[in-house]
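Chemist: Following this line is data_25.txt, made up of compact mmCIF, C-alpha atoms and all ligand atoms:
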```txt
# COMPACT_ATOMS: atom_id res chain seq x y z
CA MET F 1 107.34 120.19 15.35
CA SER F 2 111.01 120.44 14.42
CA ILE F 3 113.56 122.52 16.32
CA ALA F 4 113.51 125.07 13.49
CA GLN F 5 109.71 125.32 13.63
CA ASN F 6 109.70 125.66 17.42
CA ILE F 7 112.31 128.42 17.23
CA SER F 8 110.50 130.33 14.52
CA SER F 9 107.27 130.36 16.53
CA ILE F 10 109.12 131.66 19.60
CA LEU F 11 110.88 134.31 17.52
CA ALA F 12 107.48 135.35 16.15
CA ALA F 13 106.36 136.00 19.74
CA LEU F 14 109.46 138.19 20.28
CA LYS F 15 108.94 140.26 17.18
CA GLY F 16 108.51 143.95 17.93
CA THR F 17 109.85 143.55 21.48
CA ALA F 18 113.31 144.21 22.92
CA ALA F 19 113.67 140.60 24.03
CA LYS F 20 116.24 138.14 22.73
CA LEU F 21 116.10 134.36 22.89
CA VAL F 22 118.67 132.45 24.91
CA ALA F 23 118.56 128.88 23.61
CA VAL F 24 118.89 126.74 26.73
CA THR F 25 120.75 123.67 25.52
CA LYS F 26 121.50 121.89 28.80
CA THR F 27 121.29 118.08 28.52
CA ARG F 28 121.10 118.35 24.71
CA SER F 29 123.59 116.72 22.36
CA VAL F 30 126.13 118.59 20.28
CA ASP F 31 124.15 117.53 17.19
CA GLU F 32 121.09 119.25 18.61
CA LEU F 33 123.12 122.38 19.40
CA GLN F 34 124.34 122.40 15.81
CA GLU F 35 120.74 122.21 14.65
CA VAL F 36 119.92 125.23 16.82
CA TYR F 37 122.97 127.04 15.44
CA ALA F 38 121.85 126.34 11.89
CA THR F 39 118.62 128.27 12.51
CA GLY F 40 120.72 131.38 13.12
CA LEU F 41 120.51 131.59 16.91
CA ARG F 42 123.79 132.55 18.55
CA ILE F 43 123.02 132.89 22.27
CA PHE F 44 123.30 129.54 24.02
CA GLY F 45 122.57 128.99 27.71
CA GLU F 46 123.94 126.16 29.81
CA ASN F 47 123.44 125.61 33.52
CA ARG F 48 126.50 123.46 34.33
CA VAL F 49 130.12 124.51 33.83
CA GLN F 50 131.41 121.05 33.00
CA GLU F 51 128.78 120.48 30.34
CA MET F 52 129.42 123.88 28.77
CA GLN F 53 133.16 123.17 28.79
CA GLU F 54 132.61 119.99 26.81
CA LYS F 55 130.34 121.58 24.23
CA GLN F 56 132.00 124.96 23.74
CA PRO F 57 134.99 123.76 21.65
CA GLN F 58 132.67 121.74 19.42
CA LEU F 59 130.57 124.73 18.31
CA PRO F 60 131.60 127.66 16.10
CA THR F 61 133.41 130.51 17.84
CA ASP F 62 130.66 133.06 17.24
CA VAL F 63 128.36 131.35 19.74
CA GLN F 64 127.73 133.60 22.74
CA TRP F 65 127.76 131.36 25.81
CA HIS F 66 125.58 132.35 28.76
CA LEU F 67 125.84 130.57 32.09
CA ILE F 68 122.37 130.40 33.66
CA GLY F 69 122.93 127.95 36.53
CA HIS F 70 124.57 128.31 39.91
CA LEU F 71 128.30 129.03 39.66
CA GLN F 72 130.84 127.93 42.23
CA SER F 73 133.84 130.22 42.69
CA ASN F 74 136.34 127.45 41.96
CA LYS F 75 134.86 126.89 38.48
CA VAL F 76 135.06 130.49 37.25
CA LYS F 77 138.54 129.95 35.82
CA TYR F 78 137.29 127.38 33.30
CA ILE F 79 134.74 129.63 31.63
CA ALA F 80 136.45 133.02 31.98
CA PRO F 81 138.27 132.75 28.60
CA TYR F 82 135.05 132.66 26.58
CA ILE F 83 131.87 133.25 28.60
CA THR F 84 129.73 136.15 27.35
CA MET F 85 127.32 136.54 30.26
CA ILE F 86 126.79 135.02 33.70
CA HIS F 87 123.11 135.24 34.73
CA SER F 88 123.49 133.68 38.16
CA VAL F 89 125.70 135.97 40.24
CA ASP F 90 124.59 135.74 43.85
CA SER F 91 127.43 137.18 45.93
CA LEU F 92 130.14 139.83 46.01
CA ASP F 93 132.73 137.09 46.54
CA LEU F 94 131.69 135.48 43.28
CA LEU F 95 131.88 138.83 41.46
CA GLN F 96 135.41 139.29 42.80
CA GLU F 97 136.39 135.86 41.55
CA ILE F 98 134.86 136.53 38.12
CA ASN F 99 136.71 139.85 38.00
CA LYS F 100 140.02 138.18 38.85
CA HIS F 101 139.75 135.62 36.06
CA ALA F 102 138.32 138.09 33.56
CA LYS F 103 141.37 140.24 34.20
CA LYS F 104 143.76 137.33 33.65
CA ASN F 105 142.08 136.82 30.28
CA ASN F 106 142.08 140.52 29.50
CA ARG F 107 138.29 140.49 29.19
CA ILE F 108 135.24 142.21 30.64
CA ILE F 109 132.52 139.74 31.58
CA SER F 110 128.87 140.80 31.69
CA CYS F 111 127.03 139.68 34.81
CA LEU F 112 123.43 139.66 36.02
CA LEU F 113 122.50 139.61 39.69
CA GLN F 114 120.13 136.71 40.28
CA ILE F 115 117.20 137.85 42.41
CA PHE F 116 115.00 135.52 44.38
CA ILE F 117 111.43 136.27 43.25
CA ALA F 118 109.68 132.93 43.69
CA THR F 119 107.82 131.67 46.73
CA GLU F 120 109.67 128.33 46.67
CA GLU F 121 112.40 127.68 49.20
CA THR F 122 114.87 125.96 46.93
CA LYS F 123 115.68 128.56 44.29
CA PHE F 124 118.98 130.41 44.41
CA GLY F 125 119.19 134.15 44.42
CA LEU F 126 119.63 137.40 46.30
CA SER F 127 117.03 139.34 48.22
CA GLU F 128 116.47 142.93 47.14
CA ALA F 129 118.45 144.14 50.14
CA GLU F 130 121.37 141.83 49.37
CA ALA F 131 121.48 142.99 45.74
CA GLU F 132 121.41 146.58 46.88
CA ALA F 133 124.23 145.96 49.35
CA ILE F 134 126.42 144.60 46.54
CA LEU F 135 125.69 147.55 44.25
CA ALA F 136 126.28 150.08 47.03
CA SER F 137 129.54 148.54 48.22
CA GLU F 138 132.90 150.26 47.82
CA ASP F 139 134.41 146.98 46.64
CA ILE F 140 132.34 146.87 43.51
CA LYS F 141 133.92 150.05 42.18
CA THR F 142 137.31 148.34 42.02
CA LEU F 143 136.11 145.49 39.80
CA GLU F 144 137.13 146.75 36.38
CA ASN F 145 136.77 143.50 34.50
CA ILE F 146 133.13 142.81 35.22
CA LYS F 147 130.07 144.74 34.17
CA ILE F 148 126.74 144.34 35.93
CA VAL F 149 124.20 144.68 33.15
CA GLY F 150 120.98 143.79 34.96
CA LEU F 151 118.98 141.24 36.87
CA MET F 152 117.82 137.66 36.44
CA GLY F 153 114.94 135.88 38.12
CA MET F 154 112.96 132.68 38.01
CA ALA F 155 109.24 132.74 38.72
CA SER F 156 107.59 130.13 40.90
CA ASN F 157 106.91 126.80 39.27
CA THR F 158 103.14 127.23 39.25
CA SER F 159 100.30 127.32 36.73
CA ASN F 160 98.97 130.46 38.43
CA ALA F 161 99.61 133.10 35.74
CA THR F 162 98.64 135.94 38.07
CA GLN F 163 101.29 134.93 40.55
CA ILE F 164 103.94 134.54 37.84
CA ARG F 165 103.06 137.95 36.41
CA GLY F 166 103.32 139.50 39.87
CA GLU F 167 106.77 138.01 40.38
CA PHE F 168 107.98 139.32 37.00
CA LYS F 169 106.50 142.75 37.76
CA SER F 170 108.41 142.87 41.04
CA LEU F 171 111.67 142.06 39.22
CA LYS F 172 111.02 144.77 36.63
CA ASN F 173 110.23 147.29 39.40
CA LEU F 174 113.40 146.42 41.24
CA SER F 175 115.39 146.76 38.03
CA ASP F 176 113.92 150.21 37.36
CA ASN F 177 114.69 151.34 40.91
CA LEU F 178 118.24 150.03 40.98
CA SER F 179 119.08 151.33 37.52
CA ASN F 180 118.12 154.84 38.60
CA THR F 181 120.17 154.68 41.78
CA TYR F 182 123.28 152.78 40.74
CA LYS F 183 125.23 153.80 37.70
CA GLY F 184 128.92 153.56 37.14
CA GLU F 185 131.76 152.40 34.95
CA ASN F 186 130.83 148.80 35.61
CA ILE F 187 127.13 149.08 36.43
CA ASP F 188 124.81 149.61 33.50
CA PHE F 189 121.37 148.09 33.81
CA LYS F 190 119.95 147.15 30.45
CA GLU F 191 118.96 143.48 30.67
CA ILE F 192 116.23 141.63 32.55
CA SER F 193 116.58 137.88 32.16
CA MET F 194 113.19 136.35 32.88
CA GLY F 195 110.87 133.84 31.24
CA MET F 196 111.28 130.15 30.43
CA SER F 197 109.32 127.68 28.27
CA GLY F 198 106.19 127.84 30.41
CA ASP F 199 106.07 131.55 31.10
CA TYR F 200 108.04 133.49 28.47
CA ALA F 201 104.91 135.05 26.97
CA ILE F 202 104.11 136.68 30.32
CA ALA F 203 107.75 137.65 30.81
CA ILE F 204 107.86 139.47 27.48
CA GLU F 205 104.74 141.44 28.39
CA GLU F 206 106.41 142.41 31.67
CA GLY F 207 109.59 143.72 30.06
CA SER F 208 111.97 140.78 29.72
CA THR F 209 114.97 141.36 27.46
CA LEU F 210 116.38 137.82 27.63
CA ILE F 211 114.09 134.81 27.69
CA ARG F 212 115.76 131.50 28.60
CA VAL F 213 113.94 128.78 26.74
CA GLY F 214 114.92 125.12 26.73
CA SER F 215 112.26 122.42 26.51
CA ALA F 216 109.98 124.39 24.16
CA LEU F 217 112.77 124.41 21.54
CA PHE F 218 113.05 120.66 21.49
CA SER F 219 109.46 119.46 21.94
CA ASP F 220 107.87 117.55 19.06
C1 LIG B 1 116.59 124.88 32.48
C2 LIG B 1 116.54 126.32 32.72
C3 LIG B 1 115.79 127.16 31.89
C4 LIG B 1 114.94 126.65 30.75
O1 LIG B 1 113.85 125.91 31.24
P1 LIG B 1 112.73 125.35 30.24
O2 LIG B 1 111.54 125.21 31.11
O3 LIG B 1 113.25 124.06 29.72
O4 LIG B 1 112.53 126.36 29.16
C5 LIG B 1 115.80 128.52 32.15
N1 LIG B 1 116.53 129.03 33.17
C6 LIG B 1 117.28 128.26 33.98
C7 LIG B 1 118.05 128.89 35.08
C8 LIG B 1 117.30 126.88 33.78
O5 LIG B 1 118.05 126.10 34.59
```
Output the structure of this file as structure tokens.
Modeler:
Amino acid sequence: MSIAQNISSILAALKGTAAKLVAVTKTRSVDELQEVYATGLRIFGENRVQEMQEKQPQLPTDVQWHLIGHLQSNKVKYIAPYITMIHSVDSLDLLQEINKHAKKNNRIISCLLQIFIATEETKFGLSEAEAEAILASEDIKTLENIKIVGLMGMASNTSNATQIRGEFKSLKNLSDNLSNTYKGENIDFKEISMGMSGDYAIAIEEGSTLIRVGSALFSD
């Protein structure tokens, strides 16, 4: 199927839900991104700063760029002028760095705390206690140029749908708990970023608001 056909079948699955599609365009050419853009999608996700930096000036300015991969503090300055959302925040230090560069650019940058929900060792992310410690800290209140708008998680890379569903349920539960406890000028839980090509259908059923889909957009 074409990119346009793949996208329309994914959008059909989202119909009637609160979820939006983040088109994950990592490793794809600018021509392919333009094809995605032509279908009307505007939220593009990249996992590497350098790659996003190269592509961003070549796409129209109404693209909303989301960083979904691990972010090193020393790279924040490159994306701060234009990034819409950072899904992969995993420390207070990183939030402080994002805040600093957002301020320099006179912007407020939306951030998600990435939570470790998988059983695998290698995935990045915070434990529930670490996320809670960030939200409860005094420091966070001083960060006026970031806004924490929710959580992100990646399920285990497994074909076991029951396990994946359980991991998404735990992220949704955590989100509900934290959003009741932590509210403020710069904390406003409304997004749950979960679901990729292999598991977005389950993620939508479990309350995802942002699915991050890459390979399923480009498969033929
Ligand atoms: C690559 C990637 C995706 C998309 O994965 P697909 O299986 O290609 O849909 C989603 N989230 C993150 C963090 C990724 O790095």
Chemist: I'd like the contact shell of F:Pro57 - 12 Å cut-off, all atoms listed in the file, skipping same-chain residues fewer than 5 positions apart - returned as a VMD selection string.
Modeler: chain F and resid 30 51 to 52 62 to 63 65 79 81 to 82
Chemist: Give the residues close to ligand LIG 1 (chain B), within 12 Å, counting all atoms listed in the file; write them as a PyMOL selection string.
Modeler: chain F and resi 10+21-28+44-48+66-71+86-89+114-116+123-125+152-158+193-201+210-219
Chemist: Expressed in Å to a single decimal, how great is the separation between atom CA of F:Ile148 and atom CA of F:Tyr78?
Modeler: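 Here the two named atoms are 20.1 Å from each other.
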Chemist: Specify the axis-aligned box that encloses all atoms of stretch 90-105 of chain F listed in the file after padding of 5 Å on each side, stating its centre and edge lengths in Å to one decimal as JSON.
Modeler:
```
{"center_x": 134.2, "center_y": 137.9, "center_z": 38.4, "size_x": 29.2, "size_y": 14.8, "size_z": 26.3}
```
Chemist: Considering all atoms listed in the file, state which residue in the set F:Glu132, F:Glu120, F:Asp220, F:Glu185 is at the smallest distance from F:Ser91.
Modeler: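 Using all atoms listed in the file, F:Ser91 sits closest to F:Glu132.
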Chemist: To one decimal place in Å, what is the distance between atom CA of F:Ser73 and atom CA of F:Leu94?
Modeler: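 Taking atom CA of F:Ser73 and atom CA of F:Leu94, their separation equals 5.7 Å.
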Chemist: What lies within 10 Å of F:Gly150 using all atoms listed in the file, ignoring chain neighbours under 2 positions off, as a list of chain:residue names?
Modeler: F:His87, F:Ser110, F:Cys111, F:Leu112, F:Leu113, F:Gln114, F:Lys147, F:Ile148, F:Met152, F:Ser175, F:Asp176, F:Leu178, F:Ser179, F:Ile187, F:Asp188, F:Phe189, F:Lys190, F:Glu191, F:Ile192, F:Ser193, F:Thr209
Chemist: Measure the distance from atom CA of F:Asn186 to atom CA of F:Lys169 in Å and round it to one decimal.
Modeler: 25.2 Å
Chemist: List the neighbours of F:Ala18 out to 9 Å using all atoms listed in the file; skip same-chain residues closer than 3 positions along the sequence, and give me the result as a count of residues only.
Modeler: 7
Chemist: Of the residues F:Ala102, F:Leu174, F:Ile109, F:Leu151, which is the one nearest to F:Glu128, using all atoms listed in the file?
Modeler: F:Leu174
Chemist: What would the list of residues within 9 Å of (137.2, 134.2, 32.9) (file frame) look like as number ranges by chain, if all atoms listed in the file are what count?
Modeler: F: 76-83, 97-109
Chemist: Atoms to include: C-alpha atoms. Write the selected residues as a CSV table (one decimal), in the coordinates of the input.
Modeler:
```csv
chain,number,residue,atom,x,y,z
F,76,VAL,CA,135.1,130.5,37.2
F,77,LYS,CA,138.5,130.0,35.8
F,78,TYR,CA,137.3,127.4,33.3
F,79,ILE,CA,134.7,129.6,31.6
F,80,ALA,CA,136.4,133.0,32.0
F,81,PRO,CA,138.3,132.8,28.6
F,82,TYR,CA,135.0,132.7,26.6
F,83,ILE,CA,131.9,133.2,28.6
F,97,GLU,CA,136.4,135.9,41.6
F,98,ILE,CA,134.9,136.5,38.1
F,99,ASN,CA,136.7,139.8,38.0
F,100,LYS,CA,140.0,138.2,38.8
F,101,HIS,CA,139.8,135.6,36.1
F,102,ALA,CA,138.3,138.1,33.6
F,103,LYS,CA,141.4,140.2,34.2
F,104,LYS,CA,143.8,137.3,33.6
F,105,ASN,CA,142.1,136.8,30.3
F,106,ASN,CA,142.1,140.5,29.5
F,107,ARG,CA,138.3,140.5,29.2
F,108,ILE,CA,135.2,142.2,30.6
F,109,ILE,CA,132.5,139.7,31.6
```
Chemist: Out of F:Gln96, F:Glu121, F:Asn177, F:Gly166, which residue has the shortest atom-to-atom distance to F:Glu144 when counting only C-alpha atoms?
Modeler: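 Checking each of F:Gln96, F:Glu121, F:Asn177, F:Gly166 against F:Glu144, counting only C-alpha atoms, the winner is F:Gln96.
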